[in-house]
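Undergrad: What follows is final.cif; its format and atoms are mmCIF, C-alpha atoms.
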```cif
data_work
#
loop_
_atom_site.group_PDB
_atom_site.id
_atom_site.type_symbol
_atom_site.label_atom_id
_atom_site.label_comp_id
_atom_site.auth_asym_id
_atom_site.auth_seq_id
_atom_site.Cartn_x
_atom_site.Cartn_y
_atom_site.Cartn_z
ATOM 1 C CA MET A 263 0.000 0.000 0.000
ATOM 2 C CA ARG A 264 1.656 3.207 -1.139
ATOM 3 C CA LYS A 265 1.923 6.130 1.242
ATOM 4 C CA GLN A 266 0.264 8.452 -1.238
ATOM 5 C CA PHE A 267 -3.042 10.218 -0.860
ATOM 6 C CA LEU A 268 -5.371 11.764 -3.394
ATOM 7 C CA THR A 269 -7.279 14.882 -2.456
ATOM 8 C CA ALA A 270 -11.006 15.027 -2.913
ATOM 9 C CA ALA A 271 -10.481 17.844 -5.408
ATOM 10 C CA THR A 272 -8.808 15.426 -7.793
ATOM 11 C CA ILE A 273 -11.854 13.156 -7.850
ATOM 12 C CA LEU A 274 -15.137 13.734 -9.593
ATOM 13 C CA SER A 275 -17.819 14.823 -7.138
ATOM 14 C CA ALA A 276 -19.897 11.809 -6.183
ATOM 15 C CA ALA A 277 -23.633 11.470 -6.522
ATOM 16 C CA ILE A 278 -25.035 9.022 -3.982
ATOM 17 C CA VAL A 279 -27.203 6.151 -5.155
ATOM 18 C CA PHE A 280 -28.263 3.309 -2.861
ATOM 19 C CA HIS A 281 -30.324 0.379 -4.057
ATOM 20 C CA SER A 282 -31.741 -0.481 -0.667
ATOM 21 C CA CYS A 283 -34.137 1.251 1.661
ATOM 22 C CA GLU A 284 -31.524 0.857 4.405
ATOM 23 C CA LEU A 285 -29.186 3.799 3.998
ATOM 24 C CA LEU A 286 -25.990 4.136 5.967
ATOM 25 C CA ASP A 287 -27.802 6.359 8.438
ATOM 26 C CA ASP A 288 -26.651 6.982 11.991
ATOM 27 C CA GLU A 289 -30.198 6.521 13.214
ATOM 28 C CA LEU A 290 -30.653 3.139 11.534
ATOM 29 C CA LYS A 291 -30.911 0.548 14.287
ATOM 30 C CA PRO A 292 -30.257 -3.035 13.186
ATOM 31 C CA HIS A 293 -31.008 -5.416 16.065
ATOM 32 C CA LYS A 294 -32.351 -2.415 18.018
ATOM 33 C CA GLY A 295 -28.876 -0.866 18.193
ATOM 34 C CA ARG A 296 -26.762 1.498 16.163
ATOM 35 C CA TYR A 297 -23.804 0.550 14.035
ATOM 36 C CA THR A 298 -20.433 0.163 15.667
ATOM 37 C CA ILE A 299 -18.080 2.123 13.419
ATOM 38 C CA GLU A 300 -14.516 0.887 13.048
ATOM 39 C CA ARG A 301 -12.076 3.339 11.474
ATOM 40 C CA ILE A 302 -9.243 2.021 9.323
ATOM 41 C CA ASN A 303 -6.328 4.166 8.196
ATOM 42 C CA GLU A 304 -2.792 3.623 6.957
ATOM 43 C CA ASN A 305 -1.360 3.464 10.494
ATOM 44 C CA ASN A 306 -3.727 0.824 11.882
ATOM 45 C CA PHE A 307 -4.454 -1.050 8.638
ATOM 46 C CA HIS A 308 -2.622 -4.227 9.648
ATOM 47 C CA SER A 309 -3.416 -4.088 13.357
ATOM 48 C CA LYS A 310 -7.117 -3.994 12.459
ATOM 49 C CA GLY A 311 -6.708 -7.251 10.558
ATOM 50 C CA TRP A 312 -6.546 -5.979 6.966
ATOM 51 C CA ARG A 313 -4.159 -7.362 4.359
ATOM 52 C CA GLU A 314 -3.478 -6.676 0.699
ATOM 53 C CA GLN A 315 -2.290 -8.985 -2.054
ATOM 54 C CA GLN A 316 -1.354 -8.829 -5.716
ATOM 55 C CA VAL A 317 -1.299 -11.765 -8.129
ATOM 56 C CA ASN A 318 0.764 -11.757 -11.322
ATOM 57 C CA ASN A 319 1.021 -14.481 -13.949
ATOM 58 C CA VAL A 320 4.583 -14.692 -15.245
ATOM 59 C CA SER A 321 5.447 -17.358 -17.815
ATOM 60 C CA GLY A 322 2.505 -19.461 -16.644
ATOM 61 C CA ASN A 323 3.414 -19.198 -12.965
ATOM 62 C CA GLN A 324 1.302 -17.295 -10.464
ATOM 63 C CA LEU A 325 3.341 -14.971 -8.276
ATOM 64 C CA PHE A 326 1.853 -13.650 -5.019
ATOM 65 C CA SER A 327 2.883 -10.451 -3.287
ATOM 66 C CA ASP A 328 1.688 -9.314 0.145
ATOM 67 C CA GLU A 329 1.625 -5.689 -0.969
ATOM 68 C CA SER A 330 0.424 -3.804 -4.030
ATOM 69 C CA GLU A 331 0.748 -0.249 -5.281
ATOM 70 C CA HIS A 332 -2.724 -0.740 -6.784
ATOM 71 C CA VAL A 333 -4.449 -1.033 -3.370
ATOM 72 C CA GLU A 334 -4.236 2.136 -1.275
ATOM 73 C CA ILE A 335 -6.231 4.304 1.114
ATOM 74 C CA VAL A 336 -6.930 7.664 -0.542
ATOM 75 C CA CYS A 337 -8.927 10.823 0.135
ATOM 76 C CA GLY A 338 -12.114 10.787 -1.929
ATOM 77 C CA PRO A 339 -14.384 10.316 -3.723
ATOM 78 C CA GLU A 340 -16.611 12.043 -1.193
ATOM 79 C CA ASN A 341 -19.397 9.874 0.215
ATOM 80 C CA ASN A 342 -22.194 11.972 1.717
ATOM 81 C CA SER A 343 -24.509 9.106 2.633
ATOM 82 C CA ASN A 344 -23.693 9.354 6.333
ATOM 83 C CA PRO A 345 -22.185 12.337 8.160
ATOM 84 C CA ARG A 346 -20.205 9.943 10.367
ATOM 85 C CA LEU A 347 -18.245 8.534 7.408
ATOM 86 C CA LEU A 348 -14.832 10.182 7.379
ATOM 87 C CA GLU A 349 -13.050 11.276 4.237
ATOM 88 C CA GLY A 350 -11.339 8.364 2.550
ATOM 89 C CA SER A 351 -11.805 5.046 0.767
ATOM 90 C CA VAL A 352 -9.723 2.222 -0.699
ATOM 91 C CA LYS A 353 -8.664 2.703 -4.301
ATOM 92 C CA MET A 354 -8.443 -0.626 -6.154
ATOM 93 C CA ASN A 355 -7.135 -0.540 -9.728
ATOM 94 C CA LEU A 356 -6.130 -3.261 -12.189
ATOM 95 C CA PRO A 357 -4.002 -1.521 -14.853
ATOM 96 C CA THR A 358 -3.386 -4.538 -17.063
ATOM 97 C CA SER A 359 -2.495 -2.411 -20.096
ATOM 98 C CA ASP A 360 0.492 -1.100 -18.143
ATOM 99 C CA ASP A 361 1.314 -4.525 -16.689
ATOM 100 C CA PRO A 362 -0.010 -7.440 -18.805
ATOM 101 C CA THR A 363 1.103 -9.948 -16.148
ATOM 102 C CA LEU A 364 -1.253 -8.438 -13.556
ATOM 103 C CA ARG A 365 -4.205 -10.708 -12.738
ATOM 104 C CA ARG A 366 -5.751 -9.691 -9.390
ATOM 105 C CA VAL A 367 -5.491 -7.255 -6.530
ATOM 106 C CA ARG A 368 -7.081 -8.151 -3.201
ATOM 107 C CA LEU A 369 -8.059 -6.581 0.092
ATOM 108 C CA ARG A 370 -8.634 -9.145 2.839
ATOM 109 C CA ARG A 371 -9.617 -9.195 6.489
ATOM 110 C CA VAL A 372 -8.919 -11.705 9.210
ATOM 111 C CA GLY A 373 -11.222 -12.029 12.205
ATOM 112 C CA TYR A 374 -14.442 -13.701 11.064
ATOM 113 C CA ASN A 375 -13.096 -17.231 11.331
ATOM 114 C CA GLY A 376 -15.860 -19.598 12.454
ATOM 115 C CA THR A 377 -18.736 -17.248 11.643
ATOM 116 C CA ARG A 378 -21.659 -19.321 10.400
ATOM 117 C CA LEU A 379 -23.197 -18.165 7.137
ATOM 118 C CA ALA A 380 -26.573 -18.785 8.772
ATOM 119 C CA ASP A 381 -25.694 -16.214 11.452
ATOM 120 C CA LEU A 382 -24.990 -13.368 9.036
ATOM 121 C CA THR A 383 -27.595 -10.624 9.357
ATOM 122 C CA GLU A 384 -25.993 -7.941 7.188
ATOM 123 C CA LEU A 385 -23.391 -8.093 4.445
ATOM 124 C CA LYS A 386 -23.150 -4.830 2.516
ATOM 125 C CA TYR A 387 -20.451 -2.683 0.988
ATOM 126 C CA SER A 388 -20.163 0.398 -1.199
ATOM 127 C CA THR A 389 -18.234 0.992 -4.415
ATOM 128 C CA TYR A 390 -17.503 3.914 -6.706
ATOM 129 C CA VAL A 391 -16.563 2.770 -10.208
ATOM 130 C CA ILE A 392 -14.722 4.955 -12.692
ATOM 131 C CA LYS A 393 -14.153 2.194 -15.229
ATOM 132 C CA GLN A 394 -15.069 -1.466 -15.630
ATOM 133 C CA SER A 395 -16.003 -3.523 -12.563
ATOM 134 C CA PRO A 396 -17.131 -2.958 -8.961
ATOM 135 C CA THR A 397 -15.135 -4.711 -6.274
ATOM 136 C CA ILE A 398 -16.032 -8.380 -5.802
ATOM 137 C CA MET A 399 -16.746 -9.857 -2.362
ATOM 138 C CA VAL A 400 -15.316 -13.322 -1.640
ATOM 139 C CA LEU A 401 -15.872 -15.604 1.351
ATOM 140 C CA GLN A 402 -13.486 -18.478 1.999
ATOM 141 C CA VAL A 403 -15.651 -21.247 3.456
ATOM 142 C CA ASP A 404 -15.570 -24.453 5.453
ATOM 143 C CA LEU A 405 -18.796 -26.145 4.380
ATOM 144 C CA ASP A 406 -18.905 -29.058 6.822
ATOM 145 C CA ASN A 407 -17.305 -27.441 9.889
ATOM 146 C CA ASP A 408 -14.366 -29.826 9.934
ATOM 147 C CA GLY A 409 -11.795 -27.049 10.212
ATOM 148 C CA ASP A 410 -10.626 -27.322 6.610
ATOM 149 C CA ARG A 411 -11.106 -24.855 3.784
ATOM 150 C CA ASP A 412 -13.408 -26.308 1.138
ATOM 151 C CA GLY A 413 -13.419 -23.443 -1.349
ATOM 152 C CA ASN A 414 -14.794 -19.981 -2.013
ATOM 153 C CA ILE A 415 -18.049 -18.308 -2.867
ATOM 154 C CA PHE A 416 -18.058 -14.865 -4.454
ATOM 155 C CA TYR A 417 -20.537 -12.066 -5.066
ATOM 156 C CA ASN A 418 -20.024 -9.830 -8.101
ATOM 157 C CA PRO A 419 -22.559 -7.051 -8.763
ATOM 158 C CA LEU A 420 -22.114 -7.175 -12.564
ATOM 159 C CA GLU A 421 -24.977 -8.368 -14.784
ATOM 160 C CA TYR A 422 -22.833 -11.247 -16.079
ATOM 161 C CA PHE A 423 -22.923 -12.756 -12.560
ATOM 162 C CA GLN A 424 -26.249 -11.504 -11.147
ATOM 163 C CA GLY A 425 -28.547 -12.254 -14.093
ATOM 164 C CA ASN A 426 -32.121 -11.144 -13.417
ATOM 165 C CA ALA A 427 -31.066 -9.851 -9.994
ATOM 166 C CA TYR A 428 -28.805 -7.317 -11.663
ATOM 167 C CA ILE A 429 -28.870 -3.691 -10.539
ATOM 168 C CA PRO A 430 -27.185 -1.400 -13.087
ATOM 169 C CA VAL A 431 -23.747 -0.133 -12.173
ATOM 170 C CA VAL A 432 -23.735 3.674 -12.261
ATOM 171 C CA TYR A 433 -20.297 5.098 -12.938
ATOM 172 C CA ASN A 434 -18.818 7.946 -10.870
ATOM 173 C CA THR A 435 -21.399 7.261 -8.157
ATOM 174 C CA TRP A 436 -21.305 5.580 -4.755
ATOM 175 C CA GLN A 437 -23.542 2.495 -4.731
ATOM 176 C CA GLN A 438 -24.300 0.106 -1.910
ATOM 177 C CA TRP A 439 -24.517 -3.630 -2.632
ATOM 178 C CA ASP A 440 -26.543 -6.009 -0.446
ATOM 179 C CA ALA A 441 -24.480 -9.151 -0.922
ATOM 180 C CA LEU A 442 -26.461 -11.189 1.594
ATOM 181 C CA LYS A 443 -29.476 -11.028 -0.734
ATOM 182 C CA GLY A 444 -27.488 -11.417 -3.959
ATOM 183 C CA ILE A 445 -26.396 -14.307 -6.159
ATOM 184 C CA TRP A 446 -23.085 -15.970 -5.287
ATOM 185 C CA HIS A 447 -20.858 -18.148 -7.450
ATOM 186 C CA ILE A 448 -19.005 -21.231 -6.280
ATOM 187 C CA GLU A 449 -15.321 -21.627 -7.044
ATOM 188 C CA LEU A 450 -12.576 -24.122 -6.255
ATOM 189 C CA MET A 451 -15.079 -26.799 -5.217
ATOM 190 C CA GLU A 452 -17.872 -28.899 -6.708
ATOM 191 C CA LEU A 453 -21.298 -28.984 -5.078
ATOM 192 C CA PRO A 454 -23.607 -31.421 -6.896
ATOM 193 C CA GLU A 455 -26.698 -29.642 -5.580
ATOM 194 C CA PHE A 456 -25.704 -26.558 -7.575
ATOM 195 C CA SER A 457 -24.513 -27.848 -10.943
ATOM 196 C CA ASP A 458 -24.503 -24.339 -12.426
ATOM 197 C CA ASN A 459 -22.220 -23.098 -9.606
ATOM 198 C CA ILE A 460 -24.765 -20.416 -8.750
ATOM 199 C CA VAL A 461 -26.333 -20.115 -5.306
ATOM 200 C CA THR A 462 -27.756 -17.702 -2.768
ATOM 201 C CA ILE A 463 -26.505 -17.943 0.793
ATOM 202 C CA LYS A 464 -30.023 -18.870 1.877
ATOM 203 C CA GLU A 465 -30.093 -21.732 -0.644
ATOM 204 C CA LEU A 466 -26.638 -22.926 0.372
ATOM 205 C CA ILE A 467 -27.409 -23.232 4.075
ATOM 206 C CA SER A 468 -30.794 -24.835 3.332
ATOM 207 C CA ILE A 469 -28.932 -27.998 2.253
ATOM 208 C CA PRO A 470 -28.528 -30.081 5.437
ATOM 209 C CA ALA A 471 -24.908 -30.951 4.640
ATOM 210 C CA TYR A 472 -24.030 -27.251 4.457
ATOM 211 C CA ALA A 473 -26.284 -25.860 7.177
ATOM 212 C CA ASP A 474 -23.276 -25.226 9.419
ATOM 213 C CA ALA A 475 -21.080 -23.708 6.691
ATOM 214 C CA ARG A 476 -18.662 -21.130 8.082
ATOM 215 C CA ILE A 477 -16.167 -18.493 7.061
ATOM 216 C CA ILE A 478 -12.651 -19.783 7.621
ATOM 217 C CA ASP A 479 -9.278 -18.044 7.950
ATOM 218 C CA THR A 480 -6.272 -20.062 6.834
ATOM 219 C CA PRO A 481 -2.524 -19.383 6.808
ATOM 220 C CA PRO A 482 -1.849 -16.823 4.050
ATOM 221 C CA MET A 483 -0.160 -18.819 1.330
ATOM 222 C CA GLY A 484 -1.006 -18.320 -2.321
ATOM 223 C CA HIS A 485 -4.769 -18.098 -2.764
ATOM 224 C CA ASN A 486 -5.324 -19.192 0.855
ATOM 225 C CA GLY A 487 -5.620 -16.678 3.662
ATOM 226 C CA GLU A 488 -8.116 -14.380 5.320
ATOM 227 C CA GLY A 489 -11.754 -15.456 5.073
ATOM 228 C CA VAL A 490 -13.351 -12.130 4.063
ATOM 229 C CA ARG A 491 -11.977 -10.686 0.838
ATOM 230 C CA PHE A 492 -12.490 -7.996 -1.774
ATOM 231 C CA THR A 493 -11.034 -8.530 -5.216
ATOM 232 C CA ILE A 494 -10.575 -6.916 -8.602
ATOM 233 C CA GLY A 495 -9.799 -9.444 -11.332
ATOM 234 C CA GLY A 496 -11.091 -12.777 -12.579
ATOM 235 C CA ASN A 497 -12.746 -14.333 -15.595
ATOM 236 C CA PRO A 498 -13.740 -13.364 -18.181
ATOM 237 C CA ARG A 499 -10.787 -11.008 -18.137
ATOM 238 C CA GLU A 500 -12.382 -8.381 -20.353
ATOM 239 C CA LEU A 501 -14.779 -7.522 -17.514
ATOM 240 C CA PHE A 502 -11.907 -6.541 -15.214
ATOM 241 C CA ASP A 503 -8.961 -5.330 -17.272
ATOM 242 C CA ASN A 504 -8.033 -1.724 -16.485
ATOM 243 C CA THR A 505 -10.605 -1.346 -13.710
ATOM 244 C CA ILE A 506 -10.483 1.916 -11.771
ATOM 245 C CA GLY A 507 -12.636 2.088 -8.653
ATOM 246 C CA TYR A 508 -13.038 2.575 -4.923
ATOM 247 C CA PHE A 509 -14.349 0.558 -1.977
ATOM 248 C CA ASP A 510 -15.659 1.665 1.431
ATOM 249 C CA ALA A 511 -18.317 1.317 4.132
ATOM 250 C CA LEU A 512 -18.307 -2.448 4.589
ATOM 251 C CA ILE A 513 -21.103 -3.590 6.923
ATOM 252 C CA ILE A 514 -21.044 -7.003 8.576
ATOM 253 C CA GLY A 515 -23.706 -8.052 11.057
ATOM 254 C CA THR A 516 -24.037 -11.346 12.924
ATOM 255 C CA LYS A 517 -26.632 -12.755 15.278
ATOM 256 C CA ASN A 518 -24.273 -12.799 18.243
ATOM 257 C CA GLN A 519 -23.595 -9.060 17.991
ATOM 258 C CA LYS A 520 -26.165 -6.461 19.035
ATOM 259 C CA ARG A 521 -24.762 -4.016 16.501
ATOM 260 C CA SER A 522 -23.514 -4.513 12.979
ATOM 261 C CA THR A 523 -19.992 -3.228 12.362
ATOM 262 C CA LEU A 524 -19.428 -0.535 9.745
ATOM 263 C CA PHE A 525 -15.808 -0.452 8.531
ATOM 264 C CA ASP A 526 -14.916 3.094 7.485
ATOM 265 C CA PHE A 527 -11.630 3.739 5.642
ATOM 266 C CA ALA A 528 -10.126 7.152 6.472
ATOM 267 C CA CYS A 529 -7.247 8.873 4.694
ATOM 268 C CA ASN A 530 -6.134 10.863 7.743
ATOM 269 C CA PRO A 531 -3.688 8.647 9.679
ATOM 270 C CA SER A 532 -4.759 10.283 12.956
ATOM 271 C CA ASP A 533 -8.372 9.093 12.577
ATOM 272 C CA GLN A 534 -9.081 6.115 14.826
#
```
If you convert what's in this file into structure tokens, what do you get?

TA:
Amino acid sequence: MRKQFLTAATILSAAIVFHSCELLDDELKPHKGRYTIERINENNFHSKGWREQQVNNVSGNQLFSDESEHVEIVCGPENNSNPRLLEGSVKMNLPTSDDPTLRRVRLRRVGYNGTRLADLTELKYSTYVIKQSPTIMVLQVDLDNDGDRDGNIFYNPLEYFQGNAYIPVVYNTWQQWDALKGIWHIELMELPEFSDNIVTIKELISIPAYADARIIDTPPMGHNGEGVRFTIGGNPRELFDNTIGYFDALIIGTKNQKRSTLFDFACNPSDQ
């Protein structure tokens, strides 16, 4: 993550569009309580459990780096949806024209290991897309609660992945995505009940064998690692090449917490 910040004046002013009746409002009270806001900045990025990763394909070999100049906390674009959101977001770019070996950039968080998919009450995040694709959400999962990683499921807001559930991506605009209610795709594992590799979380946990499916953190090695992830890159490549966009305001709620947590990225290192 580069120690370089963009000022809000260098970014197009952001119109705010949310495709849910639940805005990021301070008075919204999930589970009869307000959001707990967790601030993330460059100084506490790692101590708060966040990691970055870059994947390059060189001569047929995948090379993994635990840092990337294409994942960075910046100032802007301004998000006016909630007065408690501080200035800042995560810029995630995939400049494949400049670097043809570049395949993915990732932002990942440790700390939700063991969380049952059935216990998730909120799973939302916001993106601001300049070009190409919104950030993808990925969950690394243990389907049978045996302590081993079985594979991943991912939510991508694009029409190619959401089908009839698609909500148009509006460029140069903050949009909130309700991943818990969206369509997820299965990767790195075969589930015979879902031969098309498409599933909702509700459908997945309705299968008795997967009713106790959980997020799992694993030692960070290659594609393994933190259980909650945000990615730019994938297949088909033309959907992701040269993406320019931003990510912020992740909301995760679980049944064992009275308040959902809102993760707010701030460009001022003194903001806690």

Undergrad: Counting all atoms listed in the file, give me one row per residue of range 401-503 of chain A with an atom at most 6 Å from an atom of range 377-395 of chain A, showing the shortest contact pair and its distance in Å to one decimal, sorted by chain then residue number, as JSON lines.

TA:
```
{"residue": "A:Tyr433", "atom": "CA", "partner": "A:Val391", "partner_atom": "CA", "distance": 5.2}
{"residue": "A:Asn434", "atom": "CA", "partner": "A:Ile392", "partner_atom": "CA", "distance": 5.4}
{"residue": "A:Thr435", "atom": "CA", "partner": "A:Tyr390", "partner_atom": "CA", "distance": 5.3}
{"residue": "A:Trp436", "atom": "CA", "partner": "A:Tyr390", "partner_atom": "CA", "distance": 4.6}
{"residue": "A:Gln437", "atom": "CA", "partner": "A:Ser388", "partner_atom": "CA", "distance": 5.3}
{"residue": "A:Gln438", "atom": "CA", "partner": "A:Ser388", "partner_atom": "CA", "distance": 4.2}
{"residue": "A:Trp439", "atom": "CA", "partner": "A:Lys386", "partner_atom": "CA", "distance": 5.5}
{"residue": "A:Asp440", "atom": "CA", "partner": "A:Lys386", "partner_atom": "CA", "distance": 4.7}
{"residue": "A:Ala441", "atom": "CA", "partner": "A:Leu385", "partner_atom": "CA", "distance": 5.6}
{"residue": "A:Leu442", "atom": "CA", "partner": "A:Leu385", "partner_atom": "CA", "distance": 5.2}
{"residue": "A:Ala475", "atom": "CA", "partner": "A:Arg378", "partner_atom": "CA", "distance": 5.8}
{"residue": "A:Arg476", "atom": "CA", "partner": "A:Arg378", "partner_atom": "CA", "distance": 4.2}
{"residue": "A:Ile477", "atom": "CA", "partner": "A:Thr377", "partner_atom": "CA", "distance": 5.4}
{"residue": "A:Phe502", "atom": "CA", "partner": "A:Ser395", "partner_atom": "CA", "distance": 5.7}
```

Undergrad: Between CA of Leu405 in chain A and CA of Met483 in chain A, measure the distance and give it in Å to one decimal.

TA: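 So the two atoms, CA of Leu405 in chain A and CA of Met483 in chain A, lie 20.3 Å apart.
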
Undergrad: Please produce, as CSV, a per-residue contact table for range 309-427 of chain A versus range 517-529 of chain A (criterion: any atom at most 7 Å away, all atoms listed in the file considered), showing the nearest atom pair and its distance in Å to one decimal, sorted by chain then residue number.

TA:
```
residue,atom,partner,partner_atom,distance
A:Ile335,CA,A:Cys529,CA,5.9
A:Val336,CA,A:Cys529,CA,5.4
A:Cys337,CA,A:Cys529,CA,5.2
A:Leu347,CA,A:Asp526,CA,6.4
A:Leu348,CA,A:Ala528,CA,5.7
A:Glu349,CA,A:Ala528,CA,5.5
A:Gly350,CA,A:Ala528,CA,4.3
A:Ser351,CA,A:Phe527,CA,5.1
A:Val352,CA,A:Phe527,CA,6.8
A:Asp381,CA,A:Lys517,CA,5.2
A:Leu382,CA,A:Lys517,CA,6.5
A:Thr383,CA,A:Lys517,CA,6.4
```

Undergrad: Check the smallest atom-to-atom distance from each of A:Val372, A:Thr505, A:Arg346, A:Arg411 to Thr298 in chain A using only C-alpha atoms, then report the winner.

TA: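 The shortest atom-to-atom distance to Thr298 in chain A comes from A:Arg346.
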
Undergrad: Can you give me, as a list in words, the residues this file yields under the PyMOL selection byres ((chain A and resi 371) around 6)?

TA: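 For this structure, the PyMOL selection byres ((chain A and resi 371) around 6) resolves to Gly311, Trp312, Arg370, Val372, Glu488 and Val490 of chain A.
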
Undergrad: Taking only C-alpha atoms into account, which of A:Asp404, A:Glu500, A:Glu334, A:Glu452 comes nearest Leu369 in chain A?

TA: A:Glu334

Undergrad: Restricting the calculation to all atoms listed in the file: of A:Asn344, A:Ile478, A:Lys464, A:Val432, which residue gets closest to Tyr297 in chain A?

TA: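 Ranked by minimum distance to Tyr297 in chain A, first place goes to A:Asn344.
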
Undergrad: Just give me the gap between CA of Asp410 in chain A and CA of Asp474 in chain A in Å, one decimal is fine.

TA: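 Interatomic distance, CA of Asp410 in chain A to CA of Asp474 in chain A: 13.1 Å.
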
Undergrad: Using all atoms listed in the file, find the one residue out of A:Arg313, A:Arg296, A:Leu325, A:Ile415 that sits nearest to Gly373 in chain A.

TA: A:Arg313

Undergrad: Which value, in Å to one decimal, gives the distance between CA of Arg368 in chain A and CA of Met354 in chain A?

TA: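 If I compute the distance from CA of Arg368 in chain A to CA of Met354 in chain A, I get 8.2 Å.
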
Undergrad: Need to verify the contact set: His332 in chain A, 10 Å, all atoms listed in the file, exclusion of same-chain residues closer than 4 positions in sequence. Can you return it as a list in words?

TA: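 Counting all atoms listed in the file, the residues come to Met263, Arg264, Glu314, Gln315, Gln316, Val352, Lys353, Met354, Asn355, Leu356, Pro357, Arg366, Val367, Arg368 and Ile506 of chain A.
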
Undergrad: Which residue gives the smallest distance to Thr493 in chain A among A:Ile398, A:Leu364, A:Val431, A:Val320, with all atoms listed in the file counted?

TA: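 Between A:Ile398, A:Leu364, A:Val431, A:Val320, the residue approaching Thr493 in chain A most closely is A:Ile398.
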
Undergrad: Using all atoms listed in the file, what residues lie at most 10 Å away from (-14.6, -21.7, -5.3) (file coordinates), given as a PDB file with C-alpha atoms, keeping the file's coordinate frame?

TA:
```pdb
ATOM      1  CA  VAL A 400     -15.316 -13.322  -1.640  1.00  0.00           C
ATOM      2  CA  LEU A 401     -15.872 -15.604   1.351  1.00  0.00           C
ATOM      3  CA  GLN A 402     -13.486 -18.478   1.999  1.00  0.00           C
ATOM      4  CA  VAL A 403     -15.651 -21.247   3.456  1.00  0.00           C
ATOM      5  CA  ASP A 412     -13.408 -26.308   1.138  1.00  0.00           C
ATOM      6  CA  GLY A 413     -13.419 -23.443  -1.349  1.00  0.00           C
ATOM      7  CA  ASN A 414     -14.794 -19.981  -2.013  1.00  0.00           C
ATOM      8  CA  ILE A 415     -18.049 -18.308  -2.867  1.00  0.00           C
ATOM      9  CA  PHE A 416     -18.058 -14.865  -4.454  1.00  0.00           C
ATOM     10  CA  HIS A 447     -20.858 -18.148  -7.450  1.00  0.00           C
ATOM     11  CA  ILE A 448     -19.005 -21.231  -6.280  1.00  0.00           C
ATOM     12  CA  GLU A 449     -15.321 -21.627  -7.044  1.00  0.00           C
ATOM     13  CA  LEU A 450     -12.576 -24.122  -6.255  1.00  0.00           C
ATOM     14  CA  MET A 451     -15.079 -26.799  -5.217  1.00  0.00           C
ATOM     15  CA  GLU A 452     -17.872 -28.899  -6.708  1.00  0.00           C
ATOM     16  CA  LEU A 453     -21.298 -28.984  -5.078  1.00  0.00           C
ATOM     17  CA  ASN A 459     -22.220 -23.098  -9.606  1.00  0.00           C
TER      18      ASN A 459
END
```

Undergrad: Smallest atom-to-atom distance to Met399 in chain A: which of A:Ile445, A:Ile302, A:Ile429, A:Ala473, using only C-alpha atoms?

TA: A:Ile445

Undergrad: Evaluate the PyMOL selection byres ((chain A and resi 319) around 12) against this structure - the residues, as a ChimeraX atom specification, please.

TA: /A:316-318,320-327,358,361-366

Undergrad: Just C-alpha atoms for this one: save the residues we selected as an mmCIF file, in the frame of the given file.

TA:
```cif
data_model
loop_
_atom_site.group_PDB
_atom_site.id
_atom_site.type_symbol
_atom_site.label_atom_id
_atom_site.label_comp_id
_atom_site.auth_asym_id
_atom_site.auth_seq_id
_atom_site.Cartn_x
_atom_site.Cartn_y
_atom_site.Cartn_z
ATOM 1 C CA GLN A 316 -1.354 -8.829 -5.716
ATOM 2 C CA VAL A 317 -1.299 -11.765 -8.129
ATOM 3 C CA ASN A 318 0.764 -11.757 -11.322
ATOM 4 C CA VAL A 320 4.583 -14.692 -15.245
ATOM 5 C CA SER A 321 5.447 -17.358 -17.815
ATOM 6 C CA GLY A 322 2.505 -19.461 -16.644
ATOM 7 C CA ASN A 323 3.414 -19.198 -12.965
ATOM 8 C CA GLN A 324 1.302 -17.295 -10.464
ATOM 9 C CA LEU A 325 3.341 -14.971 -8.276
ATOM 10 C CA PHE A 326 1.853 -13.650 -5.019
ATOM 11 C CA SER A 327 2.883 -10.451 -3.287
ATOM 12 C CA THR A 358 -3.386 -4.538 -17.063
ATOM 13 C CA ASP A 361 1.314 -4.525 -16.689
ATOM 14 C CA PRO A 362 -0.010 -7.440 -18.805
ATOM 15 C CA THR A 363 1.103 -9.948 -16.148
ATOM 16 C CA LEU A 364 -1.253 -8.438 -13.556
ATOM 17 C CA ARG A 365 -4.205 -10.708 -12.738
ATOM 18 C CA ARG A 366 -5.751 -9.691 -9.390
#
```
